[in-house]
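Student: Take this structure, written in structure tokens, and hold onto it; I'll ask about it next.
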Number of protein chains: 2
Amino acid sequence: MSGEDAPAQQQNAEEQKQQQETKTPAESPKTESKPDPPPSSASTEAATPAPAAEKAPEEDTFSYRALVLTGYGGYDKVKLQVKKGKPALKSGEVMVRVKICGLNFADLMARQGLYDRLPSPPVTPGMECSGIIEAVGEDVTDRKVGDKVLVLNRSGMWQEVVVVATTHTFLMPEGMSFEEAAALPVNYITAYLMLFDFGHLRPNQSVLIHMAAGGVGIAATQLCKTVNDVTVFGTASASKHEVISQGGVTHPIDYRTRDYVEEIRKISPKGLDIVLDPLGGSDTNKGYNLLKPMGKLISYGAANMLAGQKKNLFVVAKTWYQQFSVHTLSLIQGNRSVCGFHLGYLDSETELIAQAMAAIMDLYRQGKIKPRIDSTYHLEQVGDAMRRMQERNNIGKIILTTEPMKEEEKKEEAKKDEEKKKDDKKKDEKKKEDKKKDDAKKEEKKEEKEEAKKDDKKAEEKKEEAKKEEN
Amino acid sequence: MSGEDAPAQQQNAEEQKQQQETKTPAESPKTESKPDPPPSSASTEAATPAPAAEKAPEEDTFSYRALVLTGYGGYDKVKLQVKKGKPALKSGEVMVRVKICGLNFADLMARQGLYDRLPSPPVTPGMECSGIIEAVGEDVTDRKVGDKVLVLNRSGMWQEVVVVATTHTFLMPEGMSFEEAAALPVNYITAYLMLFDFGHLRPNQSVLIHMAAGGVGIAATQLCKTVNDVTVFGTASASKHEVISQGGVTHPIDYRTRDYVEEIRKISPKGLDIVLDPLGGSDTNKGYNLLKPMGKLISYGAANMLAGQKKNLFVVAKTWYQQFSVHTLSLIQGNRSVCGFHLGYLDSETELIAQAMAAIMDLYRQGKIKPRIDSTYHLEQVGDAMRRMQERNNIGKIILTTEPMKEEEKKEEAKKDEEKKKDDKKKDEKKKEDKKKDDAKKEEKKEEKEEAKKDDKKAEEKKEEAKKEEN
């Protein structure tokens with residue numbers, strides 16, 4: 001399946017014609033800093049169509065800022081641009097004035113050209129956002145101007161104004177913030193369908209959650225806690241253990257210093273009921289071997305393919321090569337299940353999504369789940385946001401706000417940008433060095449082990465000889 | 001995994017020492033026709049230990065008939081023998097006087113040497129039976145002499161007396177016949193765990209059940225009907241359609257004359273939520289391609305490997321070669337799940353089995369499920385019973401009764417046996433011929449199709465040329 005298979009999105013096509021790159025945030029036009037129109041005024045706009053004389057100017061002056069992926073590559077390939085012209089609304093669609101956008105791993109993959117569900121660049125990425133409905137198309141009866149909604153879509157959510165089918169919008173419950181709303185759809189629906197549909201999670205079961213401090217990780221942990229006596233194993237670097245423990249992880253494991261398979265076997269010798277695997281490569285095989293009878297392995301990504309800011313063909317090839325493949329006879333003998341999940345391929349399953357979302361909203365209302373926001377960035381800072389996610393420094397969700405940056409902040413940003421570019425180079429060089437050192441160490445260890453084995457063998461031989469002599 | 005990995009079963013080891021082959025049923029000793037002791041007398045036996053003087057004779061005279069697989073091969077490899085000596089009872093075990101035994105596909109596979117969960121011959125096959133508890137070992141508090149039970153075990157159930165851990169016995173509910181009880185464990189637990197644990201069956205979903213007239217097929221159909229508005233596609237030969245329709249199959253499909261994939265696509269263009277696949281080989285791939293997003297394929301056998309009375313290496317190799325293997329990236333893009341199930345590998349999962357059994361018994365009490373008995377055979381007729389199953393002539397469960405055959409029946413059997421042997425030869429020859437004819441027909445069809453394609457292509461080319469000329 002390639003991006004070309006995707007039905008072209010009307011908005012994207014229009015966007016491409018209308019987009020106009022803004023090299024620096026300072027160049028952005030006035031409309032950028034214009035505050036969002038209050039719901040009431042927007043409501044009037046939609047309810048009583050403006051006279052023809054006024055219409056033309058409004059279509060001309062209507063503009064909004066949008067993040068655009070201009071080509072595959074590093075963080076700088078996502079640029080802030082200004083789109084002009086009011087998007088047309090088709091029957092069943094609504095226009096949303098976006099407050100907050102959510103960041104996902106798929107966005108990082110997409111930027112490197114590793115995610116085939118994003119149309120080819122130039123294109124606006126982003127699978128989720130929250131905001132206020134500003135206009136409704138014909139035949140829309142279940143949404144009205146002023147409604148606060150969260151939106152889930154295949155792409156195009158990282159901009160100030162989005163046009164989507166109402167079926168892709170969900171009313172925000174009372175008391176939910178826009179930050180929480182934008183952090184919810186992708187992570188919680190993913191975790192929910194994996195744990196409860198594929199996983200059939202029940203009381204007293206055990207679950208392994210990789211990247212337990214990530215967006216899906218935290219959502220999955222919270223959802224595990226809605227079922228009695230579920231044991232959660234969560235991998236994360238040591239500095240995050242306190243937070244994830246408080247969040248519900250029973251056994252946090254530092255995957256950087258420990259062999260997680262050994263750690264889990266020590267505590268659960270029989271293995272696990274569910275393994276959620278966002279890593280791919282050799283970790284899928286490890287997860288499979290950790291399954292109990294009737295256990296389920298749910299693969300939902302190949303984060304192992306992301307080795308740096310830009311696509312690393314060697315790492316991609318290695319992850320692909322190690323990617324898990326299973327024979328039904330092995331599944332039968334083990335009474336096991338292997339599942340694959342990706343929300344990006346479920347965009348036409350509106351009923352399924354709506355059901356999952358309704359259940360999730362219920363849990364939110366009952367106070368059983370609550371999205372954890374790691375950090376908020378301005379649209380201008382999307383590069384920093386992506387870097388934080390890629391380097392796995394976050395605990396919880398990274399979000400973008402459409403709130404404009406203040407002038408003094410912008411100046412500081414520009415300075416920092418220069419420093420970061422230098423820093424990136426240094427990091428890349430350091431990584432290469434570290435890898436070399438690591439490889440050297442591994443080689444040394446291997447040699448040591450082989451020596452040790454040889455020694456053992458010799459000792460065994462001596463013992464046997466001694467025995468023979470005794471006889 | 002081989003039979004040698006299996007923990008040796010005490011009973012089997014003893015059986016092997018004690019067994020004494022009975023060439024013809026007529027030779028069986030008197031004890032054979034002795035009626036089962038009534039529960040009350042048995043109760044006395046167990047409650048008040050016999051004096052030492054009497055004990056020795058009882059152990060000597062105690063004997064029971066047992067079916068024994070003497071080597072891998074055809075139907076005649078399962079022989080009726082008499083075992084002597086009362087089996088010893090360990091702590092936590094009970095002795096059951098067997099009334100009825102159930103036949104399963106795994107027994108057919110085992111006879112051909114295609115099922116690694118059966119210890120090596122000579123061994124008593126059989127995974128399930130029903131009967132009355134005749135003695136209880138130490139520390140048994142939840143069962144008493146006289147209890148009517150159904151038994152599920154890895155093997156050894158096709159005999160008049162079995163000794164098993166209490167955890168492998170389940171009390172029969174009020175009103176359940178011994179026939180129903182012996183027909184229940186393997187088929188209903190298999191169908192239950194597949195549909196509700198791996199499958200997570202919910203209202204409005206669709207399920208494909210292959211061999212819908214078989215034991216698992218009928219159990220699965222009934223369990224589907226316990227959920228609202230489930231659409232059941234069931235494959236079976238046309239003569240069975242009326243019965244399976246009455247049993248709950250929404251769309252019966254004659255797999256012998258129709259392409260079931262095409263038939264299903266006509267009715268459910270989007271595909272299916274669950275496919276239960278006992279066939280293996282190329283059918284697993286077809287099932288996989290029929291799945292909707294979030295669909296589950298559950299493979300639970302390789303019935304396609306059974307091509308005749310004896311192991312057919314060509315067919316086994318072909319089925320194995322075609323056996324399905326899947327890559328996680330394909331699962332991810334399709335949002336699909338592939339599961340393997342075999343109750344034979346779950347024998348140590350007592351809690352899981354107990355939970356499933358409790359749910360099944362509840363459904364029985366509510367009248368929502370009821371095992372359908374196809375036919376009952378005497379132990380002496382086990383070959384006929386296996387043949388009926390292998391040739392897929394059954395609708396529902398085939399069972400064996402330990403009730404002794406009457407003398408006149410035995411004589412008739414002996415006559416029939418001779419005829420059957422002749423018949424077998426003829427059938428084998430006919431099959432070979434049919435196969436040849438079939439292959440020839442397929443070849444013809446292939447050629448026809450290719451011709452048709454060529455014709456189409458030519459027509460297309462002509463049209464294009466005509467268009468070009470018009471321009």
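Naming scheme: A, B, ... for chains in displayed order of the structure tokens; residues 1 onward per chain; ligands 1 onward as shown.
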For chain A, report every residue with an atom at most 10 Å from chain B (counting only C-alpha atoms), formatted as a ChimeraX atom specification.
Tutor: /A:1,116-117,193-194,196-202,280-281,284,292-302,320,323-346,348-349,352
Student: Could you name the residues that touch range 175-187 of chain B at 6 Å or less, counting only C-alpha atoms, but leaving out those on the same chain fewer than 6 positions away, as a PyMOL selection string?
Tutor: chain B and resi 100-102+129-130+150+215-216+371
Student: Take the residues just selected and output them with N, CA and C atoms as a compact mmCIF listing (two decimals), in the first residue's frame.
Tutor:
```txt
# COMPACT_ATOMS: atom_id res chain seq x y z
N ILE B 100 -19.74 -43.23 28.59
CA ILE B 100 -19.66 -42.80 27.18
C ILE B 100 -18.33 -42.09 26.94
N CYS B 101 -17.75 -42.31 25.75
CA CYS B 101 -16.52 -41.60 25.36
C CYS B 101 -16.80 -40.77 24.11
N GLY B 102 -16.13 -39.66 24.00
CA GLY B 102 -16.30 -38.80 22.82
C GLY B 102 -15.18 -39.01 21.81
N CYS B 129 -14.72 -38.25 28.30
CA CYS B 129 -15.71 -39.28 28.60
C CYS B 129 -16.65 -38.78 29.69
N SER B 130 -17.69 -39.57 29.94
CA SER B 130 -18.58 -39.27 31.07
C SER B 130 -18.77 -40.57 31.85
N LEU B 150 -18.23 -35.47 33.92
CA LEU B 150 -17.62 -35.55 32.61
C LEU B 150 -16.14 -35.29 32.83
N GLY B 215 -18.47 -31.67 15.23
CA GLY B 215 -18.66 -31.44 16.66
C GLY B 215 -18.37 -30.00 17.06
N VAL B 216 -17.20 -29.49 16.70
CA VAL B 216 -16.87 -28.10 17.03
C VAL B 216 -17.78 -27.16 16.26
N PRO B 371 -25.58 -30.36 23.23
CA PRO B 371 -24.80 -31.17 22.29
C PRO B 371 -25.70 -32.00 21.40
```
Student: Mind checking DSSP for range 65-232 of chain A and telling me the strand (DSSP E) residues as number ranges by chain?
Tutor: A: 65-69, 78-84, 93-102, 128-136, 148-152, 161-165, 169-171, 206-209, 231-232
Student: Glu242 in chain A: which residues within 12 Å, counting only C-alpha atoms, same-chain residues fewer than 5 positions away excluded, as a list in words?
Tutor: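 Neighbouring residues, sequence-local ones excluded: Ala212, Ala213, Gly234, Ala236, Ser237, Gly247, Gly248, Val249, Thr250, His251, Pro252, Ile253, Asp254 and Ile395 of chain A.
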Student: Write the selection just made, keeping N, CA, C and O atoms, as a PDB file, in the first residue's frame?
Tutor:
```
ATOM      1  N   ALA A 212       6.533   2.651  28.394  1.00  0.00           N
ATOM      2  CA  ALA A 212       5.392   2.860  29.299  1.00  0.00           C
ATOM      3  C   ALA A 212       5.196   4.322  29.667  1.00  0.00           C
ATOM      4  O   ALA A 212       4.136   4.697  30.186  1.00  0.00           O
ATOM      5  N   ALA A 213       6.199   5.162  29.405  1.00  0.00           N
ATOM      6  CA  ALA A 213       6.047   6.585  29.704  1.00  0.00           C
ATOM      7  C   ALA A 213       5.565   7.365  28.483  1.00  0.00           C
ATOM      8  O   ALA A 213       5.334   8.572  28.558  1.00  0.00           O
ATOM      9  N   GLY A 234       6.236  -2.448  32.864  1.00  0.00           N
ATOM     10  CA  GLY A 234       6.423  -1.314  31.965  1.00  0.00           C
ATOM     11  C   GLY A 234       7.888  -1.015  31.765  1.00  0.00           C
ATOM     12  O   GLY A 234       8.633  -0.878  32.738  1.00  0.00           O
ATOM     13  N   ALA A 236      10.857   1.538  30.680  1.00  0.00           N
ATOM     14  CA  ALA A 236      11.133   2.970  30.559  1.00  0.00           C
ATOM     15  C   ALA A 236      12.504   3.194  31.195  1.00  0.00           C
ATOM     16  O   ALA A 236      12.960   2.367  31.989  1.00  0.00           O
ATOM     17  N   SER A 237      13.140   4.316  30.860  1.00  0.00           N
ATOM     18  CA  SER A 237      14.434   4.569  31.493  1.00  0.00           C
ATOM     19  C   SER A 237      14.192   4.909  32.967  1.00  0.00           C
ATOM     20  O   SER A 237      13.118   5.375  33.348  1.00  0.00           O
ATOM     21  N   GLY A 247       1.545   6.023  38.197  1.00  0.00           N
ATOM     22  CA  GLY A 247       0.488   5.913  37.193  1.00  0.00           C
ATOM     23  C   GLY A 247      -0.131   4.519  37.128  1.00  0.00           C
ATOM     24  O   GLY A 247      -1.145   4.337  36.479  1.00  0.00           O
ATOM     25  N   GLY A 248       0.519   3.535  37.748  1.00  0.00           N
ATOM     26  CA  GLY A 248      -0.100   2.208  37.768  1.00  0.00           C
ATOM     27  C   GLY A 248       0.780   1.063  37.287  1.00  0.00           C
ATOM     28  O   GLY A 248       0.339  -0.087  37.285  1.00  0.00           O
ATOM     29  N   VAL A 249       2.018   1.357  36.869  1.00  0.00           N
ATOM     30  CA  VAL A 249       2.901   0.268  36.445  1.00  0.00           C
ATOM     31  C   VAL A 249       3.363  -0.495  37.692  1.00  0.00           C
ATOM     32  O   VAL A 249       3.937   0.087  38.603  1.00  0.00           O
ATOM     33  N   THR A 250       3.091  -1.794  37.740  1.00  0.00           N
ATOM     34  CA  THR A 250       3.438  -2.602  38.910  1.00  0.00           C
ATOM     35  C   THR A 250       4.950  -2.837  38.973  1.00  0.00           C
ATOM     36  O   THR A 250       5.557  -2.742  40.035  1.00  0.00           O
ATOM     37  N   HIS A 251       5.541  -3.181  37.821  1.00  0.00           N
ATOM     38  CA  HIS A 251       6.980  -3.475  37.787  1.00  0.00           C
ATOM     39  C   HIS A 251       7.641  -2.666  36.676  1.00  0.00           C
ATOM     40  O   HIS A 251       7.674  -3.102  35.525  1.00  0.00           O
ATOM     41  N   PRO A 252       8.202  -1.490  37.011  1.00  0.00           N
ATOM     42  CA  PRO A 252       8.923  -0.737  35.978  1.00  0.00           C
ATOM     43  C   PRO A 252      10.278  -1.406  35.716  1.00  0.00           C
ATOM     44  O   PRO A 252      10.913  -1.880  36.654  1.00  0.00           O
ATOM     45  N   ILE A 253      10.662  -1.477  34.473  1.00  0.00           N
ATOM     46  CA  ILE A 253      11.944  -2.112  34.118  1.00  0.00           C
ATOM     47  C   ILE A 253      12.760  -1.141  33.272  1.00  0.00           C
ATOM     48  O   ILE A 253      12.254  -0.605  32.275  1.00  0.00           O
ATOM     49  N   ASP A 254      14.004  -0.930  33.677  1.00  0.00           N
ATOM     50  CA  ASP A 254      14.889  -0.065  32.900  1.00  0.00           C
ATOM     51  C   ASP A 254      15.507  -0.897  31.781  1.00  0.00           C
ATOM     52  O   ASP A 254      16.474  -1.626  31.988  1.00  0.00           O
ATOM     53  N   ILE A 395       7.324  12.166  29.293  1.00  0.00           N
ATOM     54  CA  ILE A 395       6.498  11.267  30.115  1.00  0.00           C
ATOM     55  C   ILE A 395       5.072  11.716  29.868  1.00  0.00           C
ATOM     56  O   ILE A 395       4.600  12.693  30.445  1.00  0.00           O
TER      57      ILE A 395
END
```
Student: Would you give me, as a PyMOL selection string, the residues in range 170-247 of chain B that DSSP reads as helix (DSSP H, G or I)?
Tutor: chain B and resi 178-183+185-198+215-224+238-247
Student: Applying 9 Å and only C-alpha atoms, which residues near Gly383 in chain B remain after dropping the ones on its own chain fewer than 5 positions away? List them as a list in words.
Tutor: Gly74, Tyr75, Asp76, Lys77, Val78, Lys79 and Arg388 of chain B
Student: Just to confirm, what's the straight-line distance from CA of Ile369 in chain A to CA of Gln222 in chain A in Å (one decimal)?
Tutor: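 Going from CA of Ile369 in chain A over to CA of Gln222 in chain A covers 5.8 Å.
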Student: Any idea what's packed within 7 Å of range 152-156 of chain A, counting only C-alpha atoms, ignoring anything in its chain fewer than 6 positions away? Could you give it as number ranges by chain?
Tutor: A: 118, 124-129, 168-169, 185, 344, 347
Student: Looking at B:Lys286, B:Lys422, B:His241, B:Lys311, which one is nearest to Tyr115 in chain B, with distances taken over only C-alpha atoms?
Tutor: B:Lys311
Student: Smallest atom-to-atom distance to Leu195 in chain B: which of B:Gly217, B:Gly308, B:Pro121, B:Gly113, using only C-alpha atoms?
Tutor: B:Gly217
Student: List as a PyMOL selection string the protein and nucleic acid residues near Glu160 in chain B, meaning an atom at most 10 Å away when only C-alpha atoms are counted, but skip any in the same chain fewer than 4 places from it.
Tutor: chain B and resi 32+36+63-67+82-83+96-101+129+131+379+401-403
Student: Would you pick out the contacts of Val123 in chain A at 7 Å or less, using only C-alpha atoms, so that residues sharing its chain but fewer than 3 positions from it are not included, and give the list as a PyMOL selection string?
Tutor: chain A and resi 12+68-70+119-120
